[in-house]
Amino acid sequence: MKILVINAGSSSLKYQLVDMDNESVMASGICERIGIDGLFTYKPQLEGKTVVKDLAVSMPTHSEAIQTVLAALVDKDNGVIASMDEIDACGHRVLHGGMEFTESCIVNDDVIAAIKKCIPLGPLHNPANLTGIQACQAVMPKTPQVAVFDTAFHMTMPAEAYIYAIPYEYYEKDQVRRYGFHGTSHRYISARAIDLLGNPEHSKVICCHLGNGASLSAVVDGKCVDTSMGLGPLAGFPMGTRSGDIDATIMEYLMGIYGYDIKEMMNILNKKSGVLGVSGVSSDFRDIENAAKEGNERAQLALKKYFYEVSKYIGAYAAAMGGVDAIVFTAGLGENSPATREAICANLGFMGVEICSERNNIRGGEHLISSDNSKVKAFVIATNEELMIARDTKELVTK
């Protein structure tokens, strides 16, 4: 079985074609600047095939982007499949499932309507995700489409974790609650950690998805019991450009001084804050680390703030779960920055966390990085959201 995995953004579309017989990637790539000038990247994984990078292609809409992807996959000379008939199903990442979806599902008219209903909860992402689904439906009308929701993994949280201490009517009438994101990544790495621990019946894992957008989750016996992001992806600890948790009074105060409307204020919190806002250097941790080494005090403060907040969340989740067996680092920063992992874990000695510098000196892959004496195991596990989407898709369409 071959599954086409689609992750559609507002002006982009990432894709992978996965052969589920051995879970290998046959081809991957991205369509960028959809609706502008159109750039196409195609990376076939079969020997003798040629990589195409940043090719100018007219893609006025996502429909043309999907057609470009399919044309490359079946190209006589450079394709990886003989025809579109070899694609058995498409799996789509959808950001927000609201309270409608607790698991992945095959797309039908009711699912389309429910995704539309969740647009106010995910106004930037859900319309693009929906566009990707509908573009595939238009080009491949007989191919099953599956929606895999970022929020679904977190729907096992108990009420005391997801409810906000505001008038209860906003939860009842407007579905205001903690949802959390990066759920497909958290589900993958927590499952891998449980396998590595070898004790699936009784496991307490803290998952640290540390990228430009970042979140933590507390997972007990494979089920999420808390997560750092909230109604939207702004909550939690500081990120590349997002503020994370702040006192809401700050918004009223700054809006009063500068005359910002709510849209301007949210843009500041989403696009100009986080480590970028504190450092004044960049949202890229590599740039901040370099500036910190050169003596930039604001860059040093941004890093200290980040490490402090992540460590604080880990400590809180250990308390919430009544202990912890493993801490897992993943995503761009989590997988590729030994210094970040070591700095975070240096604050967790009271929990018995001890990092082995030699083991920690790695990037990506799947590795134990804690010492033999550590009471809590620490891992680096490269996330694979596309594989989780492909697995869910295969399971649903073969039932």
# chains A, B, ... in the order shown; residues from 1 in each chain; ligands from 1
>>> residues_around(residues="segment 152-165 of chain A", least_positions_apart="5", cutoff="7 Å", atoms="only C-alpha atoms", output="list in words")
Gly97, Phe101, Thr102, Glu103, Arg177, Arg178, Tyr179, Gly180, Gly183, Thr184, Arg187, Lys223, Cys224, Val225 and Asp226 of chain A
>>> residues_around(residues="Leu333 of chain A", least_positions_apart="3", cutoff="6 Å", atoms="only C-alpha atoms", output="PyMOL selection string")
chain A and resi 210-211+336-337
>>> write_last_selection(atoms="C-alpha atoms", output="short mmCIF file (atom, residue, chain, number, x, y, z; two decimals), in the first residue's frame")
data_model
loop_
_atom_site.label_atom_id
_atom_site.label_comp_id
_atom_site.auth_asym_id
_atom_site.auth_seq_id
_atom_site.Cartn_x
_atom_site.Cartn_y
_atom_site.Cartn_z
CA LEU A 210 11.35 21.88 20.78
CA GLY A 211 11.25 23.66 17.44
CA ASN A 336 20.01 18.95 17.06
CA SER A 337 21.20 21.02 20.01
#
>>> select_by_dssp(residues="segment 10-229 of chain A", states="helix (DSSP H, G or I)", output="PyMOL selection string")
chain A and resi 62-73+84-86+109-117+126-139+152-156+159-162+169-174+183-197
>>> closest_residue(among="A:Met229, A:Met84, A:Val353, A:Ala27", to="Ala318 of chain A", atoms="only C-alpha atoms")
A:Val353
>>> closest_residue(among="A:Phe307, A:Gly213, A:Ser228, A:Asn7", to="Ser283 of chain A", atoms="only C-alpha atoms")
A:Gly213
>>> atom_distance(atom1="atom CA of Asn78 of chain A", atom2="atom CA of Gln16 of chain A")
15.6 Å
>>> residues_around(residues="Phe237 of chain A", least_positions_apart="6", cutoff="8 Å", atoms="only C-alpha atoms", output="list of chain:residue names")
A:Ala214, A:Ser215, A:Ser228, A:Ser243, A:Gly244, A:Asp245, A:Tyr306, A:Glu309, A:Val310, A:Tyr313
>>> atom_distance(atom1="atom CA of Lys2 of chain A", atom2="atom CA of Ala138 of chain A")
19.2 Å
>>> atom_distance(atom1="atom CA of Gly122 of chain A", atom2="atom CA of Ile381 of chain A")
27.9 Å
